[in-house]
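This is structure_23.tsv. It holds TSV, C-alpha atoms and all ligand atoms.
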```
chain	number	residue	atom	x	y	z
A	164	MET	CA	0.00	0.00	0.00
A	165	PRO	CA	1.52	3.38	-0.98
A	166	ASP	CA	2.33	5.74	1.87
A	167	TYR	CA	-0.58	8.11	1.21
A	168	PRO	CA	-0.42	9.66	4.70
A	169	ALA	CA	3.10	10.96	3.92
A	170	LEU	CA	1.81	12.46	0.67
A	171	LYS	CA	-1.11	14.15	2.42
A	172	THR	CA	1.19	15.47	5.17
A	173	ARG	CA	3.56	16.95	2.57
A	174	PHE	CA	0.91	18.61	0.37
A	175	GLY	CA	-2.06	19.19	2.69
A	176	GLU	CA	-4.98	20.80	0.88
A	177	ASN	CA	-3.05	20.52	-2.39
A	178	CYS	CA	-3.41	16.73	-2.27
A	179	LEU	CA	-6.92	15.44	-2.98
A	180	PHE	CA	-8.16	11.87	-3.32
A	181	ASP	CA	-10.71	10.36	-5.69
A	182	VAL	CA	-11.29	13.48	-7.80
A	183	PRO	CA	-13.66	13.30	-10.82
A	184	ALA	CA	-12.11	14.26	-14.17
A	185	GLU	CA	-14.86	16.82	-14.69
A	186	ARG	CA	-12.92	18.93	-12.14
A	187	PHE	CA	-9.61	18.91	-14.02
A	188	THR	CA	-10.43	18.49	-17.74
A	189	THR	CA	-12.20	20.82	-20.15
A	190	TYR	CA	-14.37	17.97	-21.53
A	191	ARG	CA	-15.83	17.80	-17.99
A	192	ALA	CA	-16.20	14.04	-18.41
A	193	GLY	CA	-14.48	10.81	-17.41
A	194	GLY	CA	-13.64	8.84	-14.29
A	195	ARG	CA	-11.74	9.71	-11.13
A	196	ALA	CA	-8.10	10.39	-10.44
A	197	GLU	CA	-6.92	8.32	-7.52
A	198	VAL	CA	-4.83	11.25	-6.21
A	199	LEU	CA	-4.49	14.81	-7.49
A	200	VAL	CA	-1.47	16.79	-6.29
A	201	SER	CA	-0.69	20.44	-7.09
A	202	PRO	CA	2.95	21.20	-6.21
A	203	ALA	CA	4.07	24.80	-5.74
A	204	ASP	CA	7.61	24.58	-7.12
A	205	ALA	CA	10.38	22.41	-8.55
A	206	GLY	CA	11.43	21.24	-5.07
A	207	GLU	CA	7.96	19.83	-4.41
A	208	ILE	CA	7.94	18.19	-7.84
A	209	VAL	CA	11.26	16.47	-7.15
A	210	TRP	CA	9.91	15.27	-3.79
A	211	LEU	CA	6.75	13.98	-5.51
A	212	THR	CA	8.64	12.10	-8.24
A	213	GLY	CA	10.74	10.50	-5.46
A	214	TRP	CA	7.61	9.50	-3.55
A	215	CYS	CA	6.07	7.95	-6.69
A	216	ARG	CA	9.28	6.03	-7.39
A	217	ALA	CA	9.61	4.77	-3.81
A	218	ASN	CA	5.95	3.71	-3.71
A	219	SER	CA	5.77	2.32	-7.29
A	220	VAL	CA	2.90	4.66	-8.11
A	221	PRO	CA	2.41	5.93	-11.68
A	222	LEU	CA	2.67	9.70	-12.23
A	223	LEU	CA	0.84	11.65	-14.89
A	224	VAL	CA	1.31	15.40	-15.43
A	225	LEU	CA	-1.56	17.62	-16.54
A	226	GLY	CA	-1.88	21.33	-17.18
A	227	ARG	CA	-5.44	22.52	-17.83
A	228	GLY	CA	-6.64	19.15	-19.16
A	229	SER	CA	-7.71	20.85	-22.39
A	230	ASN	CA	-6.34	18.27	-24.82
A	231	VAL	CA	-7.20	15.02	-23.07
A	232	LEU	CA	-10.05	12.56	-22.60
A	233	VAL	CA	-9.94	10.58	-19.33
A	234	SER	CA	-11.47	7.10	-19.38
A	235	ASP	CA	-14.62	6.47	-17.34
A	236	ARG	CA	-12.53	3.86	-15.49
A	237	GLY	CA	-10.39	6.69	-14.10
A	238	LEU	CA	-6.67	7.17	-13.59
A	239	PRO	CA	-4.63	5.09	-11.16
A	240	GLY	CA	-1.84	6.77	-9.19
A	241	VAL	CA	-0.95	10.44	-8.96
A	242	VAL	CA	-2.06	13.17	-11.33
A	243	LEU	CA	0.30	16.14	-10.91
A	244	LEU	CA	-1.45	19.40	-11.79
A	245	THR	CA	0.85	22.30	-12.68
A	246	GLU	CA	-1.63	25.12	-11.99
A	247	ARG	CA	0.41	26.55	-9.06
A	248	LEU	CA	3.57	26.96	-11.20
A	249	SER	CA	2.27	30.28	-12.42
A	250	LYS	CA	5.15	32.79	-12.63
A	251	ILE	CA	6.07	34.65	-15.78
A	252	GLU	CA	8.97	37.11	-16.19
A	253	VAL	CA	9.79	39.47	-19.04
A	254	SER	CA	13.25	40.97	-19.42
A	255	GLY	CA	13.92	42.75	-22.71
A	256	GLY	CA	13.26	40.19	-25.43
A	257	ALA	CA	13.47	37.21	-23.06
A	258	VAL	CA	10.43	35.66	-21.42
A	259	ILE	CA	10.50	32.86	-18.87
A	260	ALA	CA	7.20	31.16	-18.06
A	261	GLN	CA	6.56	28.38	-15.57
A	262	ALA	CA	4.70	25.31	-16.84
A	263	GLY	CA	1.38	26.15	-15.19
A	264	VAL	CA	1.05	29.65	-16.67
A	265	LEU	CA	-1.94	29.85	-19.00
A	266	TRP	CA	-0.67	29.88	-22.57
A	267	ASP	CA	-2.99	32.77	-23.31
A	268	GLU	CA	-1.15	34.80	-20.64
A	269	VAL	CA	2.06	34.31	-22.63
A	270	ALA	CA	0.26	35.40	-25.80
A	271	ARG	CA	-1.26	38.45	-24.06
A	272	ILE	CA	1.82	39.61	-22.16
A	273	THR	CA	4.19	39.25	-25.12
A	274	ALA	CA	1.75	41.25	-27.27
A	275	GLU	CA	1.55	43.95	-24.58
A	276	TYR	CA	5.35	44.18	-24.44
A	277	GLY	CA	5.55	44.44	-28.23
A	278	LEU	CA	7.26	41.05	-28.60
A	279	PRO	CA	6.01	39.54	-31.87
A	280	GLY	CA	5.53	35.90	-32.83
A	281	LEU	CA	2.92	34.36	-30.52
A	282	GLU	CA	0.02	36.83	-30.76
A	283	LYS	CA	-1.91	34.57	-33.16
A	284	THR	CA	-1.90	31.78	-30.59
A	285	SER	CA	-4.13	33.93	-28.35
A	286	GLY	CA	-7.03	31.99	-26.89
A	287	VAL	CA	-5.42	28.52	-26.81
A	288	PRO	CA	-6.84	27.50	-23.44
A	289	GLY	CA	-4.06	25.23	-22.11
A	290	SER	CA	-0.96	25.75	-19.97
A	291	VAL	CA	2.61	26.43	-21.06
A	292	GLY	CA	3.52	22.78	-20.26
A	293	GLY	CA	0.69	21.43	-22.39
A	294	ALA	CA	1.54	23.82	-25.23
A	295	LEU	CA	5.19	22.68	-25.17
A	296	ARG	CA	4.22	19.01	-25.10
A	297	MET	CA	1.93	19.37	-28.15
A	298	ASN	CA	3.64	22.27	-29.93
A	299	ALA	CA	0.22	23.91	-29.73
A	300	GLY	CA	-0.47	26.58	-32.28
A	301	ALA	CA	-3.01	28.49	-34.29
A	302	TYR	CA	-3.30	30.69	-37.38
A	303	GLY	CA	0.20	29.77	-38.56
A	304	GLN	CA	2.09	30.37	-35.28
A	305	GLU	CA	3.31	27.63	-32.92
A	306	THR	CA	4.71	27.36	-29.40
A	307	PHE	CA	8.14	26.33	-30.69
A	308	ASP	CA	8.45	29.39	-32.97
A	309	ARG	CA	9.91	31.53	-30.17
A	310	LEU	CA	11.11	28.78	-27.82
A	311	ALA	CA	14.73	28.96	-26.62
A	312	TYR	CA	14.82	26.14	-24.05
A	313	ILE	CA	12.77	24.00	-21.69
A	314	GLU	CA	13.59	23.18	-18.06
A	315	ALA	CA	12.40	19.78	-16.95
A	316	ALA	CA	12.69	17.18	-14.20
A	317	ASP	CA	13.11	13.50	-15.01
A	318	ALA	CA	11.66	10.54	-13.09
A	319	GLU	CA	14.84	10.38	-10.97
A	320	GLY	CA	14.31	13.98	-9.87
A	321	ARG	CA	17.19	15.44	-11.91
A	322	ILE	CA	16.50	18.95	-13.19
A	323	PHE	CA	18.05	19.98	-16.48
A	324	ARG	CA	17.76	22.38	-19.38
A	325	LEU	CA	16.97	21.25	-22.92
A	326	PRO	CA	17.85	23.72	-25.67
A	327	LYS	CA	15.37	23.86	-28.55
A	328	LYS	CA	17.96	22.49	-30.97
A	329	ASP	CA	18.00	19.19	-29.05
A	330	ILE	CA	14.24	18.67	-29.34
A	331	SER	CA	12.56	17.17	-32.40
A	332	TYR	CA	9.23	18.84	-33.17
A	333	GLY	CA	6.70	19.37	-35.95
A	334	TYR	CA	3.00	20.05	-36.41
A	335	ARG	CA	1.33	19.14	-33.05
A	336	ARG	CA	4.18	16.71	-32.41
A	337	VAL	CA	7.18	16.81	-30.07
A	338	ARG	CA	9.60	13.96	-29.44
A	339	GLY	CA	11.97	13.47	-26.55
A	340	LEU	CA	9.88	14.95	-23.72
A	341	GLU	CA	8.19	11.67	-22.75
A	342	GLY	CA	8.39	10.86	-19.05
A	343	LEU	CA	9.56	14.36	-18.08
A	344	VAL	CA	7.83	16.94	-15.91
A	345	LEU	CA	8.24	20.21	-17.80
A	346	LEU	CA	8.92	22.97	-15.27
A	347	SER	CA	9.35	26.13	-17.31
A	348	ALA	CA	10.38	27.47	-20.70
A	349	GLY	CA	12.42	30.37	-22.01
A	350	PHE	CA	11.31	32.25	-25.13
A	351	GLU	CA	13.23	34.78	-27.21
A	352	PHE	CA	11.82	37.63	-29.26
A	353	ALA	CA	12.89	40.40	-31.57
A	354	SER	CA	11.46	43.72	-30.44
A	355	GLY	CA	8.39	45.21	-32.09
A	356	GLU	CA	5.43	47.47	-31.43
A	357	ALA	CA	2.56	46.52	-29.16
A	358	PRO	CA	-0.45	48.08	-31.00
A	359	PRO	CA	-0.44	45.82	-34.10
A	360	LEU	CA	0.14	42.75	-31.93
A	361	LEU	CA	-2.75	43.64	-29.63
A	362	LYS	CA	-4.94	44.27	-32.66
A	363	GLU	CA	-4.02	40.84	-34.08
A	364	ARG	CA	-4.81	39.31	-30.70
A	365	SER	CA	-8.31	40.86	-30.71
A	366	VAL	CA	-8.93	39.67	-34.27
A	367	VAL	CA	-7.92	36.11	-33.35
A	368	LEU	CA	-10.01	36.07	-30.16
A	369	ALA	CA	-13.04	37.37	-32.07
A	370	SER	CA	-12.54	34.78	-34.80
A	371	ARG	CA	-12.36	31.98	-32.21
A	372	ALA	CA	-15.54	33.18	-30.52
A	373	ALA	CA	-17.30	33.34	-33.88
A	374	LYS	CA	-16.18	29.92	-35.12
A	375	GLN	CA	-15.75	27.74	-32.04
A	376	PRO	CA	-18.43	26.30	-29.73
A	377	LEU	CA	-16.97	27.95	-26.64
A	378	ASP	CA	-20.25	27.67	-24.70
A	379	PHE	CA	-19.87	23.90	-24.38
A	380	PRO	CA	-17.15	21.79	-22.75
A	381	SER	CA	-14.74	20.34	-25.31
A	382	ALA	CA	-11.04	19.76	-25.83
A	383	GLY	CA	-10.72	21.73	-29.06
A	384	SER	CA	-10.03	20.02	-32.37
A	385	VAL	CA	-10.41	16.28	-32.06
A	386	PHE	CA	-8.25	15.40	-35.07
A	387	LYS	CA	-5.05	16.77	-36.56
A	388	ARG	CA	-5.18	18.61	-39.86
A	389	PRO	CA	-4.58	16.08	-42.64
A	390	PRO	CA	-2.01	17.22	-45.25
A	391	GLY	CA	-3.51	19.90	-47.51
A	392	ASP	CA	-6.95	19.83	-45.89
A	393	TYR	CA	-8.92	20.44	-42.68
A	394	ALA	CA	-10.45	17.71	-40.54
A	395	SER	CA	-13.48	19.95	-39.94
A	396	ARG	CA	-14.09	20.31	-43.69
A	397	LEU	CA	-13.98	16.54	-44.21
A	398	ILE	CA	-16.28	15.89	-41.23
A	399	ASP	CA	-18.73	18.51	-42.46
A	400	ALA	CA	-18.58	17.13	-46.01
A	401	ALA	CA	-19.37	13.67	-44.63
A	402	GLY	CA	-22.59	15.17	-43.18
A	403	LEU	CA	-21.61	14.54	-39.56
A	404	LYS	CA	-22.35	17.93	-37.95
A	405	GLY	CA	-24.81	17.37	-35.11
A	406	LEU	CA	-24.17	13.58	-34.95
A	407	LYS	CA	-24.78	12.50	-31.34
A	408	ILE	CA	-23.88	9.59	-29.11
A	409	GLY	CA	-25.24	9.94	-25.58
A	410	GLY	CA	-24.23	13.38	-24.33
A	411	ALA	CA	-21.48	13.83	-26.96
A	412	GLU	CA	-22.13	15.72	-30.16
A	413	VAL	CA	-20.19	16.76	-33.26
A	414	SER	CA	-20.54	20.53	-32.92
A	415	SER	CA	-22.86	22.14	-35.47
A	416	LYS	CA	-20.80	25.34	-35.13
A	417	HIS	CA	-17.40	23.71	-35.83
A	418	ALA	CA	-17.34	20.13	-37.13
A	419	GLY	CA	-13.78	19.62	-35.84
A	420	PHE	CA	-14.99	19.78	-32.23
A	421	ILE	CA	-16.87	17.19	-30.19
A	422	VAL	CA	-18.78	18.89	-27.39
A	423	ASN	CA	-20.19	17.60	-24.14
A	424	THR	CA	-23.80	18.73	-24.28
A	425	GLY	CA	-24.30	17.72	-20.64
A	426	GLY	CA	-23.55	14.54	-18.74
A	427	ALA	CA	-21.52	12.88	-21.52
A	428	ALA	CA	-19.56	9.82	-20.45
A	429	ALA	CA	-16.01	9.53	-21.79
A	430	ALA	CA	-17.29	6.40	-23.55
A	431	ASP	CA	-19.83	8.54	-25.48
A	432	ILE	CA	-17.09	10.92	-26.61
A	433	TYR	CA	-14.76	8.08	-27.50
A	434	SER	CA	-17.47	6.20	-29.48
A	435	LEU	CA	-18.25	9.40	-31.38
A	436	MET	CA	-14.55	9.91	-32.19
A	437	CYS	CA	-14.41	6.35	-33.62
A	438	GLU	CA	-17.67	6.81	-35.55
A	439	VAL	CA	-16.50	10.09	-37.11
A	440	ARG	CA	-13.16	8.61	-38.06
A	441	SER	CA	-14.71	5.56	-39.71
A	442	ARG	CA	-17.40	7.53	-41.59
A	443	VAL	CA	-14.85	10.07	-42.87
A	444	LYS	CA	-12.63	7.22	-44.02
A	445	GLU	CA	-15.58	5.57	-45.77
A	446	LYS	CA	-16.74	8.78	-47.51
A	447	THR	CA	-13.42	10.46	-48.33
A	448	GLY	CA	-10.73	7.79	-47.97
A	449	VAL	CA	-8.84	9.99	-45.47
A	450	ASP	CA	-7.60	8.44	-42.21
A	451	LEU	CA	-7.95	11.14	-39.56
A	452	GLU	CA	-5.32	11.12	-36.83
A	453	LEU	CA	-6.39	11.90	-33.27
A	454	GLU	CA	-4.95	15.16	-31.87
A	455	GLN	CA	-6.49	14.65	-28.42
A	456	ILE	CA	-4.85	12.30	-25.94
A	457	LEU	CA	-6.72	9.33	-24.49
A	458	LEU	CA	-5.80	8.70	-20.85
A	459	GLY	CA	-6.60	5.43	-19.07
A	460	ASP	CA	-8.36	2.36	-20.52
A	461	PHE	CA	-10.64	2.72	-23.53
B	501	LIG	C1	-11.84	25.50	-26.92
B	501	LIG	C2	-10.49	24.92	-27.21
B	501	LIG	C3	-9.71	25.44	-28.25
B	501	LIG	C4	-8.46	24.91	-28.52
B	501	LIG	N1	-7.72	25.47	-29.53
B	501	LIG	C5	-6.48	25.00	-29.77
B	501	LIG	C6	-5.68	25.58	-30.80
B	501	LIG	O1	-6.06	26.54	-31.45
B	501	LIG	N2	-4.45	25.05	-31.02
B	501	LIG	C7	-3.98	24.00	-30.30
B	501	LIG	O2	-2.83	23.57	-30.53
B	501	LIG	N3	-4.69	23.42	-29.33
B	501	LIG	C8	-5.94	23.89	-29.04
B	501	LIG	N4	-6.69	23.32	-28.05
B	501	LIG	C9	-6.16	22.14	-27.34
B	501	LIG	C10	-5.35	22.46	-26.07
B	501	LIG	O3	-5.77	23.67	-25.47
B	501	LIG	C11	-3.85	22.53	-26.35
B	501	LIG	O4	-3.36	21.31	-26.88
B	501	LIG	C12	-3.06	22.87	-25.07
B	501	LIG	O5	-1.72	23.12	-25.43
B	501	LIG	C13	-3.09	21.76	-24.02
B	501	LIG	O6	-2.56	22.30	-22.82
B	501	LIG	P1	-3.02	21.72	-21.41
B	501	LIG	O7	-2.28	22.43	-20.36
B	501	LIG	O8	-4.50	21.75	-21.28
B	501	LIG	O9	-2.51	20.23	-21.55
B	501	LIG	P2	-3.20	18.93	-20.95
B	501	LIG	O10	-4.44	18.63	-21.72
B	501	LIG	O11	-3.31	19.06	-19.48
B	501	LIG	O12	-2.08	17.86	-21.32
B	501	LIG	C14	-1.78	17.58	-22.67
B	501	LIG	C15	-0.52	16.71	-22.72
B	501	LIG	O13	0.58	17.45	-22.23
B	501	LIG	C16	1.18	16.81	-21.11
B	501	LIG	N5	1.58	17.85	-20.19
B	501	LIG	C17	0.90	18.94	-19.78
B	501	LIG	N6	1.65	19.70	-18.96
B	501	LIG	C18	2.83	19.06	-18.83
B	501	LIG	C19	4.04	19.33	-18.11
B	501	LIG	N7	4.18	20.42	-17.35
B	501	LIG	N8	5.05	18.44	-18.19
B	501	LIG	C20	4.93	17.32	-18.95
B	501	LIG	N9	3.84	17.02	-19.67
B	501	LIG	C21	2.80	17.88	-19.62
B	501	LIG	C22	0.09	15.89	-20.55
B	501	LIG	O14	0.64	14.79	-19.87
B	501	LIG	C23	-0.62	15.47	-21.82
B	501	LIG	O15	0.11	14.43	-22.46
B	501	LIG	C24	-7.96	23.82	-27.75
B	501	LIG	C25	-8.74	23.31	-26.70
B	501	LIG	C26	-9.98	23.85	-26.43
B	501	LIG	C27	-10.78	23.30	-25.27
```

Represent the structure from my file as structure tokens, please.
Amino acid sequence: MPDYPALKTRFGENCLFDVPAERFTTYRAGGRAEVLVSPADAGEIVWLTGWCRANSVPLLVLGRGSNVLVSDRGLPGVVLLTERLSKIEVSGGAVIAQAGVLWDEVARITAEYGLPGLEKTSGVPGSVGGALRMNAGAYGQETFDRLAYIEAADAEGRIFRLPKKDISYGYRRVRGLEGLVLLSAGFEFASGEAPPLLKERSVVLASRAAKQPLDFPSAGSVFKRPPGDYASRLIDAAGLKGLKIGGAEVSSKHAGFIVNTGGAAAADIYSLMCEVRSRVKEKTGVDLELEQILLGDF
């Protein structure tokens, strides 16, 4: 039996047991995390990785849970939430953001300081850690565009710095960060003027509000963009807007999104993902690749 009392003593109110995924994912669906821990700093993360190792308990890191679907069977072990790692510093053209900072804060603050290159990623609702892990992006800009380095802790509790040149990345894909807890990232910018960046930010935020079903829980685009096309266009062309399984629905506003219309089980969302993929394949011959991450047993 893992030494849960020691964990609770160390983290107090920042260690919760048996927490439903609706509390830590934007789909607001899925089973329970056995333990949810929110460390305040790198020291607490190193302690937590040591505790997990010593007690043979699996560790999963989550930011805002905005790109994941948690199985109805739940998640065994510890879910580490980064929300308390929330510092961001700007010094000239250098920005350092901890992993739990909202990505949109990075987009907003860099625009305000006149640092160009990430303003079009405004409105991506995840954390810095999640954005790094996925190379999140929008409207032609990506997290890695301005990245200089990542600081991370490995499962043995060693903290180190990874320069961008040592990381392999592409469209919504990053290799070499598996098994690490990302702690913070440094970004580098040329200097520019704030007004056009802030204007671009408003345009992007307005476009998102107009096109995306932001009134319903979702995890954004379900599938990656296939080469030379858009998943949403193919799904729409296959006549799947509004298709429903249980409480899960292919959004009528944006066919690339599956929304939780209320009380959806993760199994409903997962079945709808599979149905959409197979019908798009049947109608268009295109194999859609999942962008969202399935956690637990499906
Ligand atoms: C309405 C809506 C719109 C969206 N629009 C976009 C968009 O335009 N572009 C886009 O790219 N995405 C979009 N997304 C998806 C999502 O917001 C991004 O993928 C985001 O980067 C995920 O960040 P997160 O903190 O929520 O990550 P999570 O969902 O919490 O985690 C995602 C992955 O990252 C890992 N991870 C998270 N933090 C860490 C860390 N500190 N260390 C190690 N691993 C970590 C997790 O283990 C998991 O594998 C959208 C989602 C929603 C709900």

With ligand LIG 501 (chain B) as the partner and 8 Å as the cut-off, tabulate the residues of chain A that qualify, each row holding the nearest pair of atoms and their distance in Å to one decimal, using only C-alpha atoms and all ligand atoms, sorted by chain and rising number, as CSV.
```
residue,atom,partner,partner_atom,distance
A:Thr188,CA,B:LIG501,O10,7.2
A:Thr189,CA,B:LIG501,C27,5.9
A:Tyr190,CA,B:LIG501,C27,7.4
A:Leu223,CA,B:LIG501,O14,5.9
A:Val224,CA,B:LIG501,O14,4.5
A:Leu225,CA,B:LIG501,O11,3.7
A:Gly226,CA,B:LIG501,O7,3.4
A:Arg227,CA,B:LIG501,O8,3.7
A:Gly228,CA,B:LIG501,O11,3.3
A:Ser229,CA,B:LIG501,O8,3.5
A:Asn230,CA,B:LIG501,O10,3.7
A:Val231,CA,B:LIG501,O10,4.7
A:Leu244,CA,B:LIG501,N6,7.8
A:Thr245,CA,B:LIG501,N7,6.0
A:Ala262,CA,B:LIG501,N7,4.9
A:Gly263,CA,B:LIG501,N7,6.7
A:Leu265,CA,B:LIG501,O7,7.6
A:Trp266,CA,B:LIG501,O5,7.4
A:Thr284,CA,B:LIG501,O1,6.7
A:Gly286,CA,B:LIG501,N1,7.1
A:Val287,CA,B:LIG501,N1,4.7
A:Pro288,CA,B:LIG501,O3,4.5
A:Gly289,CA,B:LIG501,O6,3.4
A:Ser290,CA,B:LIG501,O7,3.6
A:Val291,CA,B:LIG501,O7,6.4
A:Gly292,CA,B:LIG501,N7,3.8
A:Gly293,CA,B:LIG501,O6,3.4
A:Ala294,CA,B:LIG501,O5,3.3
A:Leu295,CA,B:LIG501,O5,6.9
A:Arg296,CA,B:LIG501,O13,4.9
A:Met297,CA,B:LIG501,O4,5.8
A:Asn298,CA,B:LIG501,O2,6.6
A:Ala299,CA,B:LIG501,O2,3.2
A:Gly300,CA,B:LIG501,O2,4.2
A:Ala301,CA,B:LIG501,O1,4.6
A:Tyr302,CA,B:LIG501,O1,7.7
A:Glu305,CA,B:LIG501,O2,7.7
A:Ala315,CA,B:LIG501,N8,7.6
A:Arg335,CA,B:LIG501,O2,6.6
A:Leu340,CA,B:LIG501,C20,7.3
A:Glu341,CA,B:LIG501,C20,7.5
A:Gly342,CA,B:LIG501,C20,7.3
A:Leu343,CA,B:LIG501,C20,5.6
A:Val344,CA,B:LIG501,N8,3.9
A:Leu345,CA,B:LIG501,N8,3.7
A:Leu346,CA,B:LIG501,N7,5.8
A:Ser347,CA,B:LIG501,N7,7.7
A:Gln375,CA,B:LIG501,C1,6.8
A:Pro376,CA,B:LIG501,C1,7.2
A:Leu377,CA,B:LIG501,C1,5.7
A:Pro380,CA,B:LIG501,C27,7.0
A:Ser381,CA,B:LIG501,C27,4.9
A:Ala382,CA,B:LIG501,C27,3.6
A:Gly383,CA,B:LIG501,C26,3.5
A:Ser384,CA,B:LIG501,C24,6.3
A:Gln455,CA,B:LIG501,O4,7.5
A:Ile456,CA,B:LIG501,O15,6.4
```

Once 4 Å is added on each side, what are the centre and the three edge lengths, in Å to one decimal, of the axis-aligned box enclosing the listed atoms of region 315-329 of chain A? Present them as JSON.
```
{"center_x": 14.9, "center_y": 17.1, "center_z": -20.4, "size_x": 14.4, "size_y": 21.5, "size_z": 29.1}
```

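These residues, each with an atom at most 6 Å from (2.3, 9.5, -12.4) using all atoms listed in the file, are Pro221, Leu222, Leu223, Gly240, Val241 and Val242 of chain A.
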
Could you tell me how far CA of Arg396 (chain A) lies from CA of Gly419 (chain A), in Å and to one decimal?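 It comes out at 7.9 Å.
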
One number please: CA of Gly448 (chain A) to CA of Pro389 (chain A), in Å, one decimal.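 It comes out at 11.6 Å.
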
Distance of CA of Ser331 (chain A) from CA of Ser354 (chain A), expressed in Å to one decimal place: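 So the two atoms, CA of Ser354 (chain A) and CA of Ser331 (chain A), lie 26.6 Å apart.
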
Using only C-alpha atoms, which of the listed residues (A:Glu452, A:Asp181, A:Asp378, A:Asp460) sits closest to Thr424 (chain A)? A:Asp378

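Of the residues listed (A:Ala257, A:Glu246, A:Lys362, A:Ala318), A:Lys362 shows the shortest atom-to-atom separation from Lys283 (chain A); distances use all atoms listed in the file.
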
Near Asn423 (chain A), counting all atoms listed in the file, which residues have an atom at most 9 Å away, once you skip same-chain residues fewer than 5 positions from it, shown as a list in words? Tyr190, Arg191, Ala192, Phe379, Pro380, Ser381, Gly410, Ala411, Glu412, Ala428 and Ile432 of chain A

Take the residues from that selection and put them in a file with C-alpha atoms, as a JSON list (two decimals), keeping the file's coordinate frame.
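Once everything was written out, this is part31.json:
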```json
[["chain", "number", "residue", "atom", "x", "y", "z"],
["A", 190, "TYR", "CA", -14.37, 17.97, -21.53],
["A", 191, "ARG", "CA", -15.83, 17.80, -17.99],
["A", 192, "ALA", "CA", -16.20, 14.04, -18.41],
["A", 379, "PHE", "CA", -19.87, 23.90, -24.38],
["A", 380, "PRO", "CA", -17.15, 21.79, -22.75],
["A", 381, "SER", "CA", -14.74, 20.34, -25.31],
["A", 410, "GLY", "CA", -24.23, 13.38, -24.33],
["A", 411, "ALA", "CA", -21.48, 13.83, -26.96],
["A", 412, "GLU", "CA", -22.13, 15.72, -30.16],
["A", 428, "ALA", "CA", -19.56, 9.82, -20.45],
["A", 432, "ILE", "CA", -17.09, 10.92, -26.61]]
```

Point out the residue among A:Ala184, A:Leu457, A:Ala353, A:Val385 with the least atom-to-atom distance to Val422 (chain A), counting all atoms listed in the file. A:Val385

Using all atoms listed in the file, can you tell me which of A:Arg388, A:Arg195, A:Arg271, A:Arg338 comes closest to Ala357 (chain A)? A:Arg271

Around the point (-24.8, 11.6, -35.7) in the file's coordinates, collect all residues with an atom within 12 Å, using all atoms listed in the file, and return them as an mmCIF file with C-alpha atoms, in the frame of the given file.
```
data_model
loop_
_atom_site.group_PDB
_atom_site.id
_atom_site.type_symbol
_atom_site.label_atom_id
_atom_site.label_comp_id
_atom_site.auth_asym_id
_atom_site.auth_seq_id
_atom_site.Cartn_x
_atom_site.Cartn_y
_atom_site.Cartn_z
ATOM 1 C CA ILE A 398 -16.280 15.890 -41.230
ATOM 2 C CA ASP A 399 -18.730 18.510 -42.460
ATOM 3 C CA ALA A 401 -19.370 13.670 -44.630
ATOM 4 C CA GLY A 402 -22.590 15.170 -43.180
ATOM 5 C CA LEU A 403 -21.610 14.540 -39.560
ATOM 6 C CA LYS A 404 -22.350 17.930 -37.950
ATOM 7 C CA GLY A 405 -24.810 17.370 -35.110
ATOM 8 C CA LEU A 406 -24.170 13.580 -34.950
ATOM 9 C CA LYS A 407 -24.780 12.500 -31.340
ATOM 10 C CA ILE A 408 -23.880 9.590 -29.110
ATOM 11 C CA GLY A 409 -25.240 9.940 -25.580
ATOM 12 C CA GLY A 410 -24.230 13.380 -24.330
ATOM 13 C CA ALA A 411 -21.480 13.830 -26.960
ATOM 14 C CA GLU A 412 -22.130 15.720 -30.160
ATOM 15 C CA VAL A 413 -20.190 16.760 -33.260
ATOM 16 C CA SER A 414 -20.540 20.530 -32.920
ATOM 17 C CA SER A 415 -22.860 22.140 -35.470
ATOM 18 C CA ALA A 418 -17.340 20.130 -37.130
ATOM 19 C CA ILE A 421 -16.870 17.190 -30.190
ATOM 20 C CA ASP A 431 -19.830 8.540 -25.480
ATOM 21 C CA ILE A 432 -17.090 10.920 -26.610
ATOM 22 C CA SER A 434 -17.470 6.200 -29.480
ATOM 23 C CA LEU A 435 -18.250 9.400 -31.380
ATOM 24 C CA MET A 436 -14.550 9.910 -32.190
ATOM 25 C CA CYS A 437 -14.410 6.350 -33.620
ATOM 26 C CA GLU A 438 -17.670 6.810 -35.550
ATOM 27 C CA VAL A 439 -16.500 10.090 -37.110
ATOM 28 C CA ARG A 442 -17.400 7.530 -41.590
#
```
